[in-house]
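Right, one structure below, let's go through it.
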There are 2 protein chains.
Amino acid sequence: MRWSQTLIPTLRETPAEAEILSHQLLLRAGLIRKLAGGLYTFLPLGLRVLRKVEQIVREEMDRAGALEVLMPALQPPEIWQQSGRYETAQDVLFKVRDRAKKEWLLGPTHEEVITTLVAGEISSYRQLPKNFYQIQTKFRDEIRPRFGLMRAKEFIMKDAYSFDTTDEGAQASYQKMYNAYVRIFQRCGLKAVPVEAATGVMGGKFSHEFMVPAETGENEVVYCDTSDYAANLEKATSKIERKHTEAGSADLPIEKFATPGVGTIEALSRAPYQVPADGQIKTLVFMAESKPVIILLRGDHQLNETKLAGVLGTTTFRAATAEEVFAALGAHPGSLGAVGVKQIAVYADAMLRGVRDMTTGANEDGFHLRHVSIERDLQVKEWADLRTVQAGEPCPVCGRPLRIQRAIEVGHVFKLGTKYSQAMGALFLNESGQQHPAVMGCYGIGVTRTMQAVIEQHFDKDGILWPISVAPYAVCVTPLGIDPASPVMQLAEKIYAELTAQGVEALFDDRDERPGVKFKDSELIGIPLRLGVGERSLAKGVVEIKRRGGELITVKPEEAVAKVIELIGQR
Amino acid sequence: MRWSQTLIPTLRETPAEAEILSHQLLLRAGLIRKLAGGLYTFLPLGLRVLRKVEQIVREEMDRAGALEVLMPALQPPEIWQQSGRYETAQDVLFKVRDRAKKEWLLGPTHEEVITTLVAGEISSYRQLPKNFYQIQTKFRDEIRPRFGLMRAKEFIMKDAYSFDTTDEGAQASYQKMYNAYVRIFQRCGLKAVPVEAATGVMGGKFSHEFMVPAETGENEVVYCDTSDYAANLEKATSKIERKHTEAGSADLPIEKFATPGVGTIEALSRAPYQVPADGQIKTLVFMAESKPVIILLRGDHQLNETKLAGVLGTTTFRAATAEEVFAALGAHPGSLGAVGVKQIAVYADAMLRGVRDMTTGANEDGFHLRHVSIERDLQVKEWADLRTVQAGEPCPVCGRPLRIQRAIEVGHVFKLGTKYSQAMGALFLNESGQQHPAVMGCYGIGVTRTMQAVIEQHFDKDGILWPISVAPYAVCVTPLGIDPASPVMQLAEKIYAELTAQGVEALFDDRDERPGVKFKDSELIGIPLRLGVGERSLAKGVVEIKRRGGELITVKPEEAVAKVIELIGQR
């Protein structure tokens, strides 16, 4: 492609709209342009990269035996009612009304559509297992679209759905996808780490997220340098020790004391009270499906809402308002406790099990209780892991300190079980003629997000450094003068034509610009190789090949094409 | 691909939901499945065909120098207000509301988006011409989705937009697209005829539609067997003679006569009145942008609303209600005329020019006027071609009888001019530093519709006959027994492996089905070649290659792969 014929609107300045570096480079390198918040047009160069990522995904999905299909983006709400997600997914569903005022949904995901299809087309174990995937534009009514392609209203996903006859089969399908994902991200040049992920209300089994470590990521990954432990912060656990064991403190009677104006763990830890945070019980009130529940944590610990959802078996919960709290416990936040509470379900973090001599609110504004012994004084409905792990806590596998790293989620594999197959009637007859729901898995890759994540891991001060596998062009042929009659331009044309004939994707910088501008642009857009043809080097009988972010190689003109092909192969 | 591993749910019965043959075959061959009215899932086989059509379109667009981009489906309504289409396109726009209650549109077309982009990125004649295209999912709020992919709510379009500095440049861009379209449809194996199309209110210049003749088409094409004249019925003209010329009849004074209960052209042509239809003036009242206008046609002629739109310069018009007609003319439909009308604009079809001795309504219920001389008795504001051509009328080029044929519109090329570039500010500086709006063209291909149109032209009683260029697989390898230990299956496996290694797209029918079922299925899904391996033919030292819809060839097993490759090349 001749640079003058395409549109690569590079920018010298950093656009104000872009907060993070990969987003800035997408704009500066002329890969995308914003139409509106969270909506981007892919320009010719950006689309080339996107198609390469798509093709890698497609090849690996095909290799893993998945079947490509294409489902409609518009979906009837009826199937979402059938699966029970019409309410729970409300927040992200774009709704459309047609001329007859009928409602349609713009699908952010396609479990309902594929399961309905399978219900109609598959009826025997002989037709299973099957894994269907599509690479498709998805829509999400994002509360705050940002960071370019990272969190957009419209984006491209690869979504896949597997159907098996047994749990073991489903596990094998899951593992195939896991392995395919490892290959996909490797081929894209991405260091993506599979981490254990929360399964939330879907009900356990298996779930892994593929995370690209990056300071700009919206997720946090907990990992251990020694063992291979890695988990999403929502899922991560640790082996920290409980501070107040049964044997560790006296069994004194409860004592109420005045704490006027003290409303936080922190305030109670200061003089004159001096109760350390890990000697306090934190009492939270939530409304779960409209009923109050109490959550107890050690004073220095933070609630993990994903873990709470798993314990409550619903995502329909929120922190209670001050009024709801007062109605439930007769006091305001700051003086709450669960001592003597009988009518409200109490969920306590496992780290509190057996603790004694703790301080907690008295359910009377301005008062607290000390010498609380949790097993003696409270009625706990359920003990569970409810806390968020903190950096430095011991790894659950090896006990060494855990680290926490921000990361971008680029993929997700999930063992679904029979939730959807049961709801949509995707049943099959087994060898004995009995009907069973298919065991499902679902598997997503954010294709446009992956493209941007590659930039997050491959850039320097001059611009992008595309891995050859996803580079828009492998080489930029750069004549330092463009007079058609000059030996420089004639040689450059000849090399460009030969490269193209050999199937090398070459960009030909035929613009009437200074060498400095051409060099800067080809570095900014990240083409892996630049082949410069200039008068000075030609006088010495050579042309110059520069690896992006690497060394300069000089070769004889007649060896240039072979050298470029050799260098591409090495990448 | 092994048949047992993929999903090709063929149907023996014709599904009740499908009215036309190509739609029936799409379903019966397991290419698509319906999710809801006008919404279809592409199954693995259907998606393969779709991708092949897409790839042909892409290659020819690239060859013509167009640049592929990808624009968002969601569009802000503001740009549609800017272009003035927010109101006029109301009927087909799906509207979406986000969580903040802001409205978005699902774009059926992208003139506004691309022109806004060009306004921001292109500023000099040096950057022009440019032609941007995308292959993208489009949405249309169809009043009545039907015929499968022919008229769907969600479909795939190739849309392209060219930007030039001059009218001549725009004409050249238009011609390039016209030529590319001819090649695209040829490569898809489609007989598609370019016909002149109406430009409507867009204002003339150039427009061609690419039409696939088919009885199930929703369009009508007027064409001449002798000359190369071909036009959309909305645009077509003919050379019919006027029946009542100035010299042809007496100049008698107007005479009113009673016609009780006569309300149609047809009734007036019967006894006792006996006024032939071509001796009557038909008077129609329309409301154009809320004002009444009168349209006059000869009694035996039909109004062409597209031509009317061109004359009125708006598409915002409709037939007046009986009340509006009475308010305008003081009579009801059936007795209307334009004699003596002064306050209402009268548009008359050119075929009425100079006619005398005509009969028309008297604007008094139950009365008509005879001996009306149009130039003497009526005030005509504008004479124009307003009628719809009828079969058998003389060709405007050569005078031979015109024919009318139903057809499917698969492509459309349109010279837009500066309507959008002016509205969206897509201006460029010319060599002299003056600012001008870019001259635009737009070019569409219905990709999913093209896929179905191929079936309309390629089928027989047994199923589809895919042209090799878009066939999902080139050959179906069909062992007549599948016992892995049998020579038949072992040979079939070997041939399948060799074909695949040679890059031939082969389907391997490894199902445990009777030969008859396998043959019927491979015919139904339309694979161009079937390579049968059976015990009986193997005993004679041959395998059988059957061309779909053609002859049976026997070859030695060791020559089978070479023969298949040779036959594919011939197609």
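In the structure tokens, chains take letters A, B, ... by order of appearance, with residues numbered from 1 within each chain and ligands from 1 in the order shown.
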
Closest atom pairs, chain B residues within 8 Å of chain A, only C-alpha atoms, as a Markdown table:
| residue | atom | partner | partner_atom | distance |
| --- | --- | --- | --- | --- |
| B:Ser4 | CA | A:Gln127 | CA | 7.5 |
| B:Gln5 | CA | A:Lys130 | CA | 7.7 |
| B:Thr6 | CA | A:Leu67 | CA | 6.7 |
| B:Pro9 | CA | A:Glu121 | CA | 6.8 |
| B:Arg33 | CA | A:Leu117 | CA | 7.9 |
| B:Leu35 | CA | A:Val113 | CA | 7.5 |
| B:Ala36 | CA | A:Pro76 | CA | 7.2 |
| B:Leu39 | CA | A:Pro72 | CA | 6.1 |
| B:Tyr40 | CA | A:Pro72 | CA | 6.2 |
| B:Thr41 | CA | A:Met71 | CA | 4.4 |
| B:Phe42 | CA | A:Leu70 | CA | 4.9 |
| B:Leu43 | CA | A:Val69 | CA | 5.0 |
| B:Pro44 | CA | A:Val69 | CA | 5.2 |
| B:Leu47 | CA | A:Val69 | CA | 6.1 |
| B:Leu67 | CA | A:Pro44 | CA | 6.3 |
| B:Glu68 | CA | A:Pro44 | CA | 5.6 |
| B:Val69 | CA | A:Leu43 | CA | 5.0 |
| B:Leu70 | CA | A:Phe42 | CA | 4.9 |
| B:Met71 | CA | A:Thr41 | CA | 4.4 |
| B:Pro72 | CA | A:Thr41 | CA | 6.0 |
| B:Ala73 | CA | A:Glu154 | CA | 7.9 |
| B:Leu74 | CA | A:Leu39 | CA | 7.5 |
| B:Gln75 | CA | A:Leu35 | CA | 7.8 |
| B:Pro76 | CA | A:Ala36 | CA | 7.2 |
| B:Asp91 | CA | A:Arg99 | CA | 7.6 |
| B:Phe94 | CA | A:Asp98 | CA | 6.1 |
| B:Lys95 | CA | A:Val96 | CA | 5.8 |
| B:Val96 | CA | A:Val96 | CA | 4.7 |
| B:Arg97 | CA | A:Lys95 | CA | 6.4 |
| B:Asp98 | CA | A:Asp141 | CA | 6.1 |
| B:Arg99 | CA | A:Asp141 | CA | 6.8 |
| B:Val113 | CA | A:Leu35 | CA | 7.5 |
| B:Leu117 | CA | A:Arg33 | CA | 7.9 |
| B:Glu121 | CA | A:Pro9 | CA | 6.8 |
| B:Gln127 | CA | A:Ser4 | CA | 7.5 |
| B:Lys130 | CA | A:Gln5 | CA | 7.7 |
| B:Asp141 | CA | A:Asp98 | CA | 6.1 |
| B:Ile143 | CA | A:Arg99 | CA | 7.5 |
| B:Glu154 | CA | A:Pro72 | CA | 7.0 |

Same residues, C-alpha atoms, output as a compact mmCIF listing (two decimals), in the first residue's frame:
# COMPACT_ATOMS: atom_id res chain seq x y z
CA SER B 4 -20.22 -35.59 12.02
CA GLN B 5 -18.23 -32.83 13.74
CA THR B 6 -20.03 -29.84 12.31
CA PRO B 9 -29.21 -29.67 10.07
CA ARG B 33 -31.98 -20.54 11.33
CA LEU B 35 -34.26 -16.35 15.79
CA ALA B 36 -37.21 -13.98 15.28
CA LEU B 39 -33.34 -12.06 12.44
CA TYR B 40 -31.27 -15.09 11.44
CA THR B 41 -28.34 -17.05 12.81
CA PHE B 42 -25.78 -18.16 10.23
CA LEU B 43 -24.89 -21.79 10.88
CA PRO B 44 -21.40 -23.06 9.99
CA LEU B 47 -21.31 -18.55 7.35
CA LEU B 67 -9.88 1.70 1.71
CA GLU B 68 -11.52 -0.60 4.23
CA VAL B 69 -12.60 0.92 7.54
CA LEU B 70 -15.13 -0.06 10.21
CA MET B 71 -17.56 2.45 11.64
CA PRO B 72 -19.77 2.06 14.72
CA ALA B 73 -23.32 0.74 14.28
CA LEU B 74 -24.50 3.07 17.05
CA GLN B 75 -24.67 6.65 15.85
CA PRO B 76 -25.48 9.91 17.64
CA ASP B 91 -39.29 5.14 9.25
CA PHE B 94 -34.10 1.81 15.11
CA LYS B 95 -33.75 4.07 18.15
CA VAL B 96 -31.91 3.09 21.28
CA ARG B 97 -31.93 4.77 24.67
CA ASP B 98 -29.04 4.45 27.05
CA ARG B 99 -29.16 4.51 30.86
CA VAL B 113 -20.40 9.17 10.05
CA LEU B 117 -14.73 11.74 9.77
CA GLU B 121 -9.14 14.35 8.74
CA GLN B 127 -5.45 13.99 0.10
CA LYS B 130 -10.48 8.78 -1.40
CA ASP B 141 -36.77 -1.19 11.25
CA ILE B 143 -42.30 -2.72 8.31
CA GLU B 154 -30.34 -7.04 10.59

When you look at Gln24 in chain A with a cut-off of 12 Å (counting only C-alpha atoms), what residues show up, excluding the ones that are within fewer than 3 positions of it in the same chain? I need them as a ChimeraX atom specification. /A:10-21,27-34,146-149,452,455-456,459,463-464,524-525

With only C-alpha atoms as the counted atoms, please give the residues lying no more than 12 Å from Gly279 in chain B, apart from itself and same-chain residues fewer than 3 positions off, as a PDB file with N, CA, C and O atoms, in the first residue's frame.
ATOM      1  N   ARG B 242     -48.523  10.528 -28.042  1.00  0.00           N
ATOM      2  CA  ARG B 242     -49.707  11.109 -27.447  1.00  0.00           C
ATOM      3  C   ARG B 242     -50.888  10.820 -28.360  1.00  0.00           C
ATOM      4  O   ARG B 242     -50.800  10.980 -29.577  1.00  0.00           O
ATOM      5  N   LYS B 243     -52.032  10.427 -27.793  1.00  0.00           N
ATOM      6  CA  LYS B 243     -53.187  10.043 -28.621  1.00  0.00           C
ATOM      7  C   LYS B 243     -53.937  11.269 -29.137  1.00  0.00           C
ATOM      8  O   LYS B 243     -54.402  11.303 -30.252  1.00  0.00           O
ATOM      9  N   HIS B 244     -54.098  12.289 -28.310  1.00  0.00           N
ATOM     10  CA  HIS B 244     -54.871  13.475 -28.715  1.00  0.00           C
ATOM     11  C   HIS B 244     -53.924  14.639 -28.965  1.00  0.00           C
ATOM     12  O   HIS B 244     -53.587  15.366 -28.058  1.00  0.00           O
ATOM     13  N   THR B 245     -53.476  14.794 -30.141  1.00  0.00           N
ATOM     14  CA  THR B 245     -52.573  15.908 -30.442  1.00  0.00           C
ATOM     15  C   THR B 245     -53.404  17.145 -30.749  1.00  0.00           C
ATOM     16  O   THR B 245     -54.613  17.075 -30.933  1.00  0.00           O
ATOM     17  N   SER B 249     -58.167  16.824 -32.851  1.00  0.00           N
ATOM     18  CA  SER B 249     -59.582  16.860 -32.463  1.00  0.00           C
ATOM     19  C   SER B 249     -60.114  18.296 -32.541  1.00  0.00           C
ATOM     20  O   SER B 249     -59.355  19.263 -32.539  1.00  0.00           O
ATOM     21  N   ILE B 265     -62.547   6.037 -13.517  1.00  0.00           N
ATOM     22  CA  ILE B 265     -62.210   6.099 -14.943  1.00  0.00           C
ATOM     23  C   ILE B 265     -62.970   4.982 -15.674  1.00  0.00           C
ATOM     24  O   ILE B 265     -63.545   5.178 -16.734  1.00  0.00           O
ATOM     25  N   GLU B 266     -62.945   3.816 -15.034  1.00  0.00           N
ATOM     26  CA  GLU B 266     -63.527   2.628 -15.645  1.00  0.00           C
ATOM     27  C   GLU B 266     -65.042   2.781 -15.830  1.00  0.00           C
ATOM     28  O   GLU B 266     -65.590   2.467 -16.898  1.00  0.00           O
ATOM     29  N   LEU B 268     -66.748   5.499 -16.173  1.00  0.00           N
ATOM     30  CA  LEU B 268     -67.029   6.509 -17.193  1.00  0.00           C
ATOM     31  C   LEU B 268     -66.776   5.963 -18.604  1.00  0.00           C
ATOM     32  O   LEU B 268     -67.296   6.490 -19.597  1.00  0.00           O
ATOM     33  N   SER B 269     -65.976   4.902 -18.661  1.00  0.00           N
ATOM     34  CA  SER B 269     -65.668   4.348 -19.981  1.00  0.00           C
ATOM     35  C   SER B 269     -66.776   3.391 -20.449  1.00  0.00           C
ATOM     36  O   SER B 269     -66.797   2.987 -21.599  1.00  0.00           O
ATOM     37  N   TYR B 273     -71.839   6.358 -20.990  1.00  0.00           N
ATOM     38  CA  TYR B 273     -70.947   7.497 -21.306  1.00  0.00           C
ATOM     39  C   TYR B 273     -69.959   7.150 -22.408  1.00  0.00           C
ATOM     40  O   TYR B 273     -69.690   7.945 -23.299  1.00  0.00           O
ATOM     41  N   GLN B 274     -69.365   5.928 -22.294  1.00  0.00           N
ATOM     42  CA  GLN B 274     -68.472   5.443 -23.354  1.00  0.00           C
ATOM     43  C   GLN B 274     -67.270   6.365 -23.626  1.00  0.00           C
ATOM     44  O   GLN B 274     -66.879   6.565 -24.777  1.00  0.00           O
ATOM     45  N   VAL B 275     -66.743   6.979 -22.559  1.00  0.00           N
ATOM     46  CA  VAL B 275     -65.529   7.807 -22.735  1.00  0.00           C
ATOM     47  C   VAL B 275     -64.307   6.918 -22.543  1.00  0.00           C
ATOM     48  O   VAL B 275     -64.086   6.429 -21.437  1.00  0.00           O
ATOM     49  N   PRO B 276     -63.530   6.644 -23.586  1.00  0.00           N
ATOM     50  CA  PRO B 276     -62.375   5.770 -23.410  1.00  0.00           C
ATOM     51  C   PRO B 276     -61.411   6.340 -22.364  1.00  0.00           C
ATOM     52  O   PRO B 276     -61.308   7.574 -22.213  1.00  0.00           O
ATOM     53  N   LYS B 282     -57.153  12.144 -15.539  1.00  0.00           N
ATOM     54  CA  LYS B 282     -57.233  11.661 -14.157  1.00  0.00           C
ATOM     55  C   LYS B 282     -56.703  12.772 -13.257  1.00  0.00           C
ATOM     56  O   LYS B 282     -55.621  13.313 -13.502  1.00  0.00           O
ATOM     57  N   LEU B 297     -52.994  13.072 -14.968  1.00  0.00           N
ATOM     58  CA  LEU B 297     -52.473  12.002 -15.822  1.00  0.00           C
ATOM     59  C   LEU B 297     -53.566  11.614 -16.802  1.00  0.00           C
ATOM     60  O   LEU B 297     -54.762  11.843 -16.537  1.00  0.00           O
ATOM     61  N   ARG B 298     -53.175  10.999 -17.908  1.00  0.00           N
ATOM     62  CA  ARG B 298     -54.190  10.479 -18.799  1.00  0.00           C
ATOM     63  C   ARG B 298     -54.880   9.324 -18.064  1.00  0.00           C
ATOM     64  O   ARG B 298     -54.249   8.625 -17.267  1.00  0.00           O
ATOM     65  N   GLY B 299     -56.159   9.121 -18.359  1.00  0.00           N
ATOM     66  CA  GLY B 299     -56.968   8.157 -17.598  1.00  0.00           C
ATOM     67  C   GLY B 299     -56.395   6.769 -17.547  1.00  0.00           C
ATOM     68  O   GLY B 299     -56.577   6.051 -16.561  1.00  0.00           O
ATOM     69  N   ASP B 300     -55.673   6.345 -18.567  1.00  0.00           N
ATOM     70  CA  ASP B 300     -55.136   4.978 -18.593  1.00  0.00           C
ATOM     71  C   ASP B 300     -53.713   4.901 -18.053  1.00  0.00           C
ATOM     72  O   ASP B 300     -53.068   3.865 -18.167  1.00  0.00           O
ATOM     73  N   HIS B 301     -53.203   5.976 -17.498  1.00  0.00           N
ATOM     74  CA  HIS B 301     -51.825   5.987 -16.995  1.00  0.00           C
ATOM     75  C   HIS B 301     -51.767   5.969 -15.479  1.00  0.00           C
ATOM     76  O   HIS B 301     -52.707   6.407 -14.813  1.00  0.00           O
ATOM     77  N   MET B 351     -47.500  13.553 -21.181  1.00  0.00           N
ATOM     78  CA  MET B 351     -48.337  12.912 -22.204  1.00  0.00           C
ATOM     79  C   MET B 351     -49.637  13.666 -22.445  1.00  0.00           C
ATOM     80  O   MET B 351     -50.350  13.412 -23.408  1.00  0.00           O
ATOM     81  N   LEU B 352     -49.965  14.588 -21.529  1.00  0.00           N
ATOM     82  CA  LEU B 352     -51.209  15.348 -21.686  1.00  0.00           C
ATOM     83  C   LEU B 352     -51.000  16.650 -22.452  1.00  0.00           C
ATOM     84  O   LEU B 352     -51.967  17.346 -22.780  1.00  0.00           O
ATOM     85  N   VAL B 355     -53.385  18.149 -25.352  1.00  0.00           N
ATOM     86  CA  VAL B 355     -54.564  17.344 -25.671  1.00  0.00           C
ATOM     87  C   VAL B 355     -55.849  18.200 -25.650  1.00  0.00           C
ATOM     88  O   VAL B 355     -55.930  19.188 -24.913  1.00  0.00           O
ATOM     89  N   ARG B 356     -56.813  17.827 -26.503  1.00  0.00           N
ATOM     90  CA  ARG B 356     -58.102  18.521 -26.574  1.00  0.00           C
ATOM     91  C   ARG B 356     -59.216  17.500 -26.459  1.00  0.00           C
ATOM     92  O   ARG B 356     -58.984  16.299 -26.528  1.00  0.00           O
ATOM     93  N   ASP B 357     -60.402  18.003 -26.319  1.00  0.00           N
ATOM     94  CA  ASP B 357     -61.598  17.165 -26.332  1.00  0.00           C
ATOM     95  C   ASP B 357     -61.528  16.056 -25.275  1.00  0.00           C
ATOM     96  O   ASP B 357     -61.911  14.924 -25.542  1.00  0.00           O
ATOM     97  N   MET B 358     -61.014  16.402 -24.080  1.00  0.00           N
ATOM     98  CA  MET B 358     -60.880  15.418 -23.007  1.00  0.00           C
ATOM     99  C   MET B 358     -62.064  15.544 -22.054  1.00  0.00           C
ATOM    100  O   MET B 358     -62.740  16.576 -21.995  1.00  0.00           O
ATOM    101  N   THR B 359     -62.261  14.486 -21.277  1.00  0.00           N
ATOM    102  CA  THR B 359     -63.304  14.514 -20.247  1.00  0.00           C
ATOM    103  C   THR B 359     -62.637  14.484 -18.884  1.00  0.00           C
ATOM    104  O   THR B 359     -61.652  13.767 -18.687  1.00  0.00           O
ATOM    105  N   THR B 360     -63.176  15.280 -17.966  1.00  0.00           N
ATOM    106  CA  THR B 360     -62.601  15.324 -16.614  1.00  0.00           C
ATOM    107  C   THR B 360     -63.700  15.673 -15.615  1.00  0.00           C
ATOM    108  O   THR B 360     -64.803  16.087 -16.022  1.00  0.00           O
ATOM    109  N   LEU B 369     -67.006  17.202 -17.050  1.00  0.00           N
ATOM    110  CA  LEU B 369     -66.894  18.149 -18.166  1.00  0.00           C
ATOM    111  C   LEU B 369     -66.362  17.408 -19.381  1.00  0.00           C
ATOM    112  O   LEU B 369     -65.453  16.592 -19.243  1.00  0.00           O
ATOM    113  N   ARG B 370     -66.918  17.720 -20.578  1.00  0.00           N
ATOM    114  CA  ARG B 370     -66.329  17.171 -21.803  1.00  0.00           C
ATOM    115  C   ARG B 370     -65.841  18.310 -22.684  1.00  0.00           C
ATOM    116  O   ARG B 370     -66.055  19.470 -22.391  1.00  0.00           O
ATOM    117  N   HIS B 371     -65.102  17.958 -23.730  1.00  0.00           N
ATOM    118  CA  HIS B 371     -64.499  18.940 -24.656  1.00  0.00           C
ATOM    119  C   HIS B 371     -63.481  19.838 -23.952  1.00  0.00           C
ATOM    120  O   HIS B 371     -63.351  21.019 -24.263  1.00  0.00           O
ATOM    121  N   VAL B 372     -62.781  19.267 -22.968  1.00  0.00           N
ATOM    122  CA  VAL B 372     -61.763  20.061 -22.260  1.00  0.00           C
ATOM    123  C   VAL B 372     -60.486  20.101 -23.099  1.00  0.00           C
ATOM    124  O   VAL B 372     -59.989  19.069 -23.554  1.00  0.00           O
ATOM    125  N   SER B 373     -59.973  21.265 -23.290  1.00  0.00           N
ATOM    126  CA  SER B 373     -58.747  21.487 -24.053  1.00  0.00           C
ATOM    127  C   SER B 373     -57.690  21.916 -23.034  1.00  0.00           C
ATOM    128  O   SER B 373     -57.828  22.969 -22.409  1.00  0.00           O
ATOM    129  N   ILE B 374     -56.700  21.092 -22.832  1.00  0.00           N
ATOM    130  CA  ILE B 374     -55.878  21.276 -21.625  1.00  0.00           C
ATOM    131  C   ILE B 374     -55.147  22.619 -21.599  1.00  0.00           C
ATOM    132  O   ILE B 374     -55.084  23.270 -20.562  1.00  0.00           O
TER     133      ILE B 374
END

Members of range 173-249 of chain B assigned alpha helix (DSSP H) by DSSP, as a short mmCIF file (atom, residue, chain, number, x, y, z; two decimals) with N, CA and C atoms, in the first residue's frame:
data_model
loop_
_atom_site.label_atom_id
_atom_site.label_comp_id
_atom_site.auth_asym_id
_atom_site.auth_seq_id
_atom_site.Cartn_x
_atom_site.Cartn_y
_atom_site.Cartn_z
N SER B 173 -14.75 8.08 -10.09
CA SER B 173 -14.90 7.20 -8.92
C SER B 173 -16.15 6.34 -9.08
N TYR B 174 -17.21 6.98 -9.57
CA TYR B 174 -18.47 6.26 -9.81
C TYR B 174 -18.26 5.13 -10.80
N GLN B 175 -17.54 5.41 -11.86
CA GLN B 175 -17.33 4.40 -12.91
C GLN B 175 -16.48 3.24 -12.38
N LYS B 176 -15.49 3.57 -11.54
CA LYS B 176 -14.66 2.51 -10.93
C LYS B 176 -15.53 1.56 -10.11
N MET B 177 -16.44 2.13 -9.34
CA MET B 177 -17.33 1.29 -8.51
C MET B 177 -18.27 0.47 -9.40
N TYR B 178 -18.78 1.13 -10.44
CA TYR B 178 -19.66 0.43 -11.38
C TYR B 178 -18.92 -0.79 -11.94
N ASN B 179 -17.69 -0.60 -12.35
CA ASN B 179 -16.91 -1.71 -12.92
C ASN B 179 -16.62 -2.79 -11.86
N ALA B 180 -16.31 -2.33 -10.64
CA ALA B 180 -16.04 -3.30 -9.57
C ALA B 180 -17.29 -4.14 -9.30
N TYR B 181 -18.45 -3.50 -9.33
CA TYR B 181 -19.70 -4.21 -9.06
C TYR B 181 -19.96 -5.27 -10.14
N VAL B 182 -19.69 -4.91 -11.40
CA VAL B 182 -19.87 -5.87 -12.49
C VAL B 182 -19.02 -7.11 -12.19
N ARG B 183 -17.77 -6.89 -11.79
CA ARG B 183 -16.86 -8.00 -11.50
C ARG B 183 -17.33 -8.81 -10.27
N ILE B 184 -17.75 -8.10 -9.24
CA ILE B 184 -18.17 -8.78 -8.00
C ILE B 184 -19.31 -9.76 -8.29
N PHE B 185 -20.32 -9.29 -8.98
CA PHE B 185 -21.48 -10.17 -9.20
C PHE B 185 -21.13 -11.30 -10.17
N GLN B 186 -20.30 -10.98 -11.15
CA GLN B 186 -19.81 -12.04 -12.04
C GLN B 186 -19.10 -13.11 -11.23
N ARG B 187 -18.18 -12.69 -10.37
CA ARG B 187 -17.40 -13.66 -9.58
C ARG B 187 -18.30 -14.49 -8.66
#

DSSP strand (DSSP E) residues within range 294-446 of chain B, listed as a VMD selection string: chain B and resid 294 to 298 317 to 319 345 to 349 358 to 361 367 to 372 382 to 384 403 to 417 427 to 429 435 to 437 439 to 446

Considering only C-alpha atoms, return as an MDAnalysis selection string whatever protein or nucleic-acid residues lie within 8 Å of range 413-418 of chain A, sequence-local ones (same chain, fewer than 2 positions apart) excluded. chainID A and resid 167 170:171 174 177:178 199 202 205:209 411 420:422 437:444
